[in-house]
Amino acid sequence: MELYGVIGLPLAHSLSADYFTRKFAGEGLLDEMEYRKMELESIDSLPALLEAHPQLRGFNVTHPYKEQIIPLLSSLSPAAERIGAVNCVRVESGGLVGHNTDYEGFAIALGDFLLSERPRALVLGTGGASKAVCAVLEDKGIDYLTVSHSGRGDLSYEQLDETVIAERRLIINTTPLGMFPAVEGCPPIPYEHLTTEHFLFDLVYNPATTEFLRRGQKMGCAVCNGQKMFVCQAEASWRIFGRM
């Protein structure tokens, strides 16, 4: 039986196994294919995982390993090389090939959310997911600034005052804050300065309405969760796995 899965830590929030199991059932492939959550305490455990599961044909990668996995791969797709992050790996005879489907998923979801709007943006977070988001914004001609506690961003959260919020009407959360099971969390932005002119996009899809989005709704913002992005990137992964 062919094995597929998702690696990350933690994986309690991930709905990938549910999604792909339903997909396998719909394609009549449940007797041939299985998809599992595979938590890794460290990315250094990946070689042992591969050795223990020689039937593994491909896997998705989530927080915190989208960047850490790159040195362990044999090659990268052009998109993954440009972005500098990997969220989908195909296991081939010559080694592991890294891809990025976050780009495609976010591009489709954002386009449907904004329609003709093209406001300047704030990207909360500077990790692997953020890199894909920034690449999409660049290609769409949307000016953006990144925000981080780590010093890697253009701004710190402490610099987000009323003026910055007023100038940046699209705010995208690429961090895991608010993700199940820690649903009370949210990025520390000044929500009191949000208006009905703002757009809030959260890459988190579980829960459907995060605290970040709930606070935006309270201020009259247009909001979008990561559900459509999740589905689009999952379908792109399916194609990369060679099943379509």
# chains A, B, ... in the order shown; residues from 1 in each chain; ligands from 1
call {"tool": "select_by_dssp", "arguments": {"residues": "stretch 155-237 of chain A", "states": "strand (DSSP E or B)", "output": "PyMOL selection string"}}
result
chain A and resi 155+170-173+199-202+222-224
call {"tool": "write_last_selection", "arguments": {"atoms": "N, CA and C atoms", "output": "tab-separated table (two decimals), in the first residue's frame"}}
result
chain	number	residue	atom	x	y	z
A	155	LEU	N	8.99	45.36	10.30
A	155	LEU	CA	8.50	46.06	11.48
A	155	LEU	C	8.38	45.08	12.64
A	170	LEU	N	-4.81	45.54	4.13
A	170	LEU	CA	-4.82	44.08	4.05
A	170	LEU	C	-3.85	43.54	5.08
A	171	ILE	N	-4.35	42.75	6.03
A	171	ILE	CA	-3.50	42.20	7.09
A	171	ILE	C	-3.62	40.69	7.05
A	172	ILE	N	-2.49	40.02	6.88
A	172	ILE	CA	-2.46	38.57	6.66
A	172	ILE	C	-1.70	37.90	7.79
A	173	ASN	N	-2.38	37.01	8.50
A	173	ASN	CA	-1.73	36.26	9.56
A	173	ASN	C	-1.15	34.97	9.01
A	199	PHE	N	-9.16	44.42	5.33
A	199	PHE	CA	-9.32	43.03	4.93
A	199	PHE	C	-8.40	42.18	5.81
A	200	LEU	N	-8.93	41.19	6.50
A	200	LEU	CA	-8.12	40.30	7.32
A	200	LEU	C	-8.16	38.89	6.74
A	201	PHE	N	-6.98	38.35	6.45
A	201	PHE	CA	-6.86	36.99	5.91
A	201	PHE	C	-6.02	36.18	6.89
A	202	ASP	N	-6.56	35.06	7.34
A	202	ASP	CA	-5.85	34.19	8.26
A	202	ASP	C	-5.54	32.86	7.57
A	222	ALA	N	-13.73	42.98	6.47
A	222	ALA	CA	-13.94	41.79	5.65
A	222	ALA	C	-12.91	40.75	6.08
A	223	VAL	N	-13.32	39.49	6.21
A	223	VAL	CA	-12.40	38.47	6.72
A	223	VAL	C	-12.45	37.22	5.85
A	224	CYS	N	-11.34	36.47	5.88
A	224	CYS	CA	-11.25	35.21	5.13
A	224	CYS	C	-10.33	34.27	5.90
call {"tool": "residues_around", "arguments": {"residues": "stretch 33-44 of chain A", "least_positions_apart": "4", "cutoff": "9 Å", "atoms": "only C-alpha atoms", "output": "PyMOL selection string"}}
result
chain A and resi 1-12+14+16-18+20-21+24+29+48-49+59+64-65+68-69+72
call {"tool": "write_last_selection", "arguments": {"atoms": "N, CA and C atoms", "output": "CSV table (one decimal), in the first residue's frame"}}
result
chain,number,residue,atom,x,y,z
A,1,MET,N,0.8,-1.2,0.0
A,1,MET,CA,0.0,0.0,0.0
A,1,MET,C,0.9,1.2,0.0
A,2,GLU,N,0.5,2.2,-0.9
A,2,GLU,CA,1.3,3.5,-0.9
A,2,GLU,C,0.9,4.3,0.3
A,3,LEU,N,1.9,4.9,0.9
A,3,LEU,CA,1.7,5.8,2.1
A,3,LEU,C,2.0,7.2,1.7
A,4,TYR,N,1.2,8.1,2.2
A,4,TYR,CA,1.4,9.6,2.1
A,4,TYR,C,1.1,10.1,3.5
A,5,GLY,N,1.5,11.4,3.8
A,5,GLY,CA,1.3,11.9,5.1
A,5,GLY,C,1.7,13.4,5.2
A,6,VAL,N,1.7,13.9,6.4
A,6,VAL,CA,2.1,15.2,6.7
A,6,VAL,C,3.0,15.2,7.9
A,7,ILE,N,4.1,15.9,7.9
A,7,ILE,CA,5.0,16.0,9.0
A,7,ILE,C,5.0,17.4,9.6
A,8,GLY,N,5.2,17.5,10.9
A,8,GLY,CA,5.2,18.8,11.5
A,8,GLY,C,5.1,18.6,13.0
A,9,LEU,N,5.0,19.7,13.8
A,9,LEU,CA,4.9,19.6,15.2
A,9,LEU,C,4.3,20.9,15.8
A,10,PRO,N,3.2,20.9,16.4
A,10,PRO,CA,2.3,19.7,16.6
A,10,PRO,C,1.4,19.5,15.3
A,11,LEU,N,0.6,18.5,15.3
A,11,LEU,CA,-0.3,18.2,14.2
A,11,LEU,C,-1.8,18.0,14.6
A,12,ALA,N,-2.1,18.4,15.9
A,12,ALA,CA,-3.5,18.3,16.3
A,12,ALA,C,-4.4,19.1,15.5
A,14,SER,N,-4.2,19.7,12.2
A,14,SER,CA,-4.1,19.4,10.8
A,14,SER,C,-5.3,18.5,10.4
A,16,SER,N,-5.4,17.4,7.2
A,16,SER,CA,-4.9,16.8,5.9
A,16,SER,C,-5.3,15.4,5.8
A,17,ALA,N,-5.1,14.6,6.9
A,17,ALA,CA,-5.4,13.2,6.9
A,17,ALA,C,-6.9,13.0,6.6
A,18,ASP,N,-7.8,13.8,7.2
A,18,ASP,CA,-9.2,13.6,6.9
A,18,ASP,C,-9.5,14.0,5.5
A,20,PHE,N,-7.5,13.9,2.8
A,20,PHE,CA,-7.0,12.9,1.8
A,20,PHE,C,-7.6,11.5,1.9
A,21,THR,N,-8.0,11.2,3.2
A,21,THR,CA,-8.7,9.9,3.3
A,21,THR,C,-10.1,10.0,2.6
A,24,PHE,N,-9.2,9.7,-1.1
A,24,PHE,CA,-8.9,8.3,-1.5
A,24,PHE,C,-10.2,7.5,-1.7
A,29,LEU,N,-9.6,4.4,-3.9
A,29,LEU,CA,-8.2,4.0,-3.6
A,29,LEU,C,-7.9,3.7,-2.2
A,48,ALA,N,15.1,8.7,9.6
A,48,ALA,CA,14.6,7.5,10.3
A,48,ALA,C,13.2,7.2,9.9
A,49,LEU,N,12.4,8.2,9.7
A,49,LEU,CA,11.0,8.0,9.3
A,49,LEU,C,10.9,7.4,7.9
A,59,PHE,N,4.8,13.5,1.0
A,59,PHE,CA,4.3,14.0,2.2
A,59,PHE,C,4.2,15.5,2.2
A,64,PRO,N,6.9,23.3,12.2
A,64,PRO,CA,7.9,24.4,11.9
A,64,PRO,C,9.0,24.0,10.9
A,65,TYR,N,8.7,23.1,10.0
A,65,TYR,CA,9.8,22.5,9.2
A,65,TYR,C,9.8,22.9,7.7
A,68,GLN,N,13.3,24.3,7.5
A,68,GLN,CA,14.3,23.4,8.0
A,68,GLN,C,14.6,22.1,7.2
A,69,ILE,N,13.6,21.7,6.4
A,69,ILE,CA,13.7,20.5,5.6
A,69,ILE,C,14.6,20.7,4.4
A,72,LEU,N,17.8,18.7,3.7
A,72,LEU,CA,17.6,17.2,3.6
A,72,LEU,C,17.1,16.8,2.2
call {"tool": "closest_residue", "arguments": {"among": "A:Gly153, A:Gly226, A:Pro181, A:Gly216", "to": "A:Val123", "atoms": "only C-alpha atoms"}}
result
A:Gly153
call {"tool": "select_by_dssp", "arguments": {"residues": "stretch 105-182 of chain A", "states": "alpha helix (DSSP H)", "output": "PyMOL selection string"}}
result
chain A and resi 105-114+128-139+162-167
call {"tool": "closest_residue", "arguments": {"among": "A:Asn225, A:Ser93, A:Ser156, A:Gln217", "to": "A:Arg57", "atoms": "only C-alpha atoms"}}
result
A:Ser93
call {"tool": "closest_residue", "arguments": {"among": "A:Thr196, A:Arg152, A:Thr210, A:Gln55", "to": "A:Phe180", "atoms": "only C-alpha atoms"}}
result
A:Thr210
call {"tool": "decode", "arguments": {"residues": "stretch 124-173 of chain A", "atoms": "N, CA and C atoms", "output": "compact mmCIF listing (two decimals), in the first residue's frame"}}
result
# COMPACT_ATOMS: atom_id res chain seq x y z
N LEU A 124 1.90 39.25 8.83
CA LEU A 124 2.28 38.93 10.20
C LEU A 124 3.01 37.59 10.22
N GLY A 125 4.30 37.63 10.58
CA GLY A 125 5.12 36.43 10.59
C GLY A 125 6.13 36.42 9.46
N THR A 126 7.23 35.71 9.67
CA THR A 126 8.31 35.67 8.68
C THR A 126 8.81 34.24 8.42
N GLY A 127 7.98 33.24 8.74
CA GLY A 127 8.37 31.85 8.54
C GLY A 127 8.12 31.36 7.13
N GLY A 128 8.07 30.04 6.97
CA GLY A 128 7.93 29.45 5.64
C GLY A 128 6.66 29.84 4.94
N ALA A 129 5.53 29.86 5.66
CA ALA A 129 4.26 30.26 5.04
C ALA A 129 4.30 31.71 4.61
N SER A 130 4.92 32.54 5.41
CA SER A 130 5.05 33.96 5.08
C SER A 130 5.80 34.16 3.78
N LYS A 131 6.81 33.35 3.54
CA LYS A 131 7.59 33.50 2.32
C LYS A 131 6.75 33.26 1.07
N ALA A 132 5.87 32.28 1.12
CA ALA A 132 4.98 32.01 -0.02
C ALA A 132 4.01 33.16 -0.21
N VAL A 133 3.46 33.66 0.90
CA VAL A 133 2.53 34.79 0.84
C VAL A 133 3.19 36.00 0.22
N CYS A 134 4.41 36.31 0.64
CA CYS A 134 5.12 37.48 0.12
C CYS A 134 5.39 37.34 -1.38
N ALA A 135 5.70 36.13 -1.84
CA ALA A 135 5.93 35.91 -3.27
C ALA A 135 4.66 36.19 -4.07
N VAL A 136 3.51 35.76 -3.54
CA VAL A 136 2.24 36.03 -4.22
C VAL A 136 1.98 37.52 -4.27
N LEU A 137 2.18 38.21 -3.15
CA LEU A 137 1.93 39.65 -3.11
C LEU A 137 2.83 40.38 -4.12
N GLU A 138 4.08 39.97 -4.20
CA GLU A 138 4.99 40.58 -5.17
C GLU A 138 4.47 40.41 -6.59
N ASP A 139 4.02 39.19 -6.90
CA ASP A 139 3.55 38.91 -8.26
C ASP A 139 2.24 39.62 -8.58
N LYS A 140 1.47 39.92 -7.56
CA LYS A 140 0.22 40.66 -7.76
C LYS A 140 0.41 42.17 -7.70
N GLY A 141 1.65 42.61 -7.46
CA GLY A 141 1.93 44.03 -7.39
C GLY A 141 1.38 44.70 -6.14
N ILE A 142 1.26 43.93 -5.05
CA ILE A 142 0.75 44.47 -3.79
C ILE A 142 1.92 44.81 -2.88
N ASP A 143 2.03 46.06 -2.51
CA ASP A 143 3.10 46.50 -1.60
C ASP A 143 2.85 45.92 -0.21
N TYR A 144 3.91 45.41 0.45
CA TYR A 144 3.72 44.80 1.76
C TYR A 144 4.91 45.07 2.67
N LEU A 145 4.66 44.95 3.97
CA LEU A 145 5.69 44.95 4.99
C LEU A 145 5.47 43.74 5.87
N THR A 146 6.55 43.09 6.31
CA THR A 146 6.44 41.95 7.21
C THR A 146 6.60 42.41 8.65
N VAL A 147 5.97 41.65 9.55
CA VAL A 147 5.97 42.00 10.98
C VAL A 147 6.41 40.77 11.77
N SER A 148 7.31 40.98 12.72
CA SER A 148 7.83 39.84 13.47
C SER A 148 8.35 40.28 14.83
N HIS A 149 8.31 39.33 15.80
CA HIS A 149 8.95 39.54 17.10
C HIS A 149 10.46 39.29 17.01
N SER A 150 10.86 38.54 15.99
CA SER A 150 12.23 38.01 15.95
C SER A 150 13.27 38.98 15.43
N GLY A 151 12.83 40.10 14.86
CA GLY A 151 13.76 41.02 14.23
C GLY A 151 13.98 40.73 12.76
N ARG A 152 13.35 39.66 12.24
CA ARG A 152 13.48 39.32 10.82
C ARG A 152 12.55 40.14 9.94
N GLY A 153 11.54 40.78 10.54
CA GLY A 153 10.56 41.51 9.76
C GLY A 153 10.96 42.95 9.47
N ASP A 154 10.16 43.59 8.60
CA ASP A 154 10.37 45.01 8.34
C ASP A 154 9.97 45.85 9.55
N LEU A 155 8.99 45.36 10.30
CA LEU A 155 8.50 46.06 11.48
C LEU A 155 8.38 45.08 12.64
N SER A 156 8.41 45.62 13.86
CA SER A 156 8.06 44.83 15.04
C SER A 156 6.60 45.09 15.37
N TYR A 157 6.01 44.22 16.17
CA TYR A 157 4.62 44.43 16.55
C TYR A 157 4.44 45.74 17.33
N GLU A 158 5.48 46.15 18.06
CA GLU A 158 5.41 47.39 18.83
C GLU A 158 5.32 48.62 17.94
N GLN A 159 5.71 48.50 16.68
CA GLN A 159 5.66 49.63 15.75
C GLN A 159 4.31 49.76 15.04
N LEU A 160 3.39 48.87 15.30
CA LEU A 160 2.09 48.92 14.62
C LEU A 160 1.17 49.90 15.34
N ASP A 161 1.24 51.14 14.91
CA ASP A 161 0.39 52.17 15.51
C ASP A 161 -0.79 52.49 14.58
N GLU A 162 -1.56 53.48 14.93
CA GLU A 162 -2.75 53.83 14.16
C GLU A 162 -2.40 54.23 12.73
N THR A 163 -1.28 54.91 12.55
CA THR A 163 -0.88 55.36 11.20
C THR A 163 -0.56 54.16 10.30
N VAL A 164 0.22 53.21 10.83
CA VAL A 164 0.58 52.03 10.04
C VAL A 164 -0.67 51.22 9.67
N ILE A 165 -1.53 51.02 10.63
CA ILE A 165 -2.75 50.25 10.39
C ILE A 165 -3.64 50.94 9.36
N ALA A 166 -3.72 52.26 9.41
CA ALA A 166 -4.55 53.00 8.45
C ALA A 166 -3.99 52.89 7.04
N GLU A 167 -2.68 52.81 6.91
CA GLU A 167 -2.04 52.76 5.59
C GLU A 167 -2.04 51.35 5.00
N ARG A 168 -2.21 50.33 5.82
CA ARG A 168 -2.10 48.93 5.38
C ARG A 168 -3.42 48.24 5.64
N ARG A 169 -4.28 48.21 4.62
CA ARG A 169 -5.66 47.73 4.84
C ARG A 169 -5.80 46.22 4.70
N LEU A 170 -4.81 45.54 4.13
CA LEU A 170 -4.82 44.08 4.05
C LEU A 170 -3.85 43.54 5.08
N ILE A 171 -4.35 42.75 6.03
CA ILE A 171 -3.50 42.20 7.09
C ILE A 171 -3.62 40.69 7.05
N ILE A 172 -2.49 40.02 6.88
CA ILE A 172 -2.46 38.57 6.66
C ILE A 172 -1.70 37.90 7.79
N ASN A 173 -2.38 37.01 8.50
CA ASN A 173 -1.73 36.26 9.56
C ASN A 173 -1.15 34.97 9.01
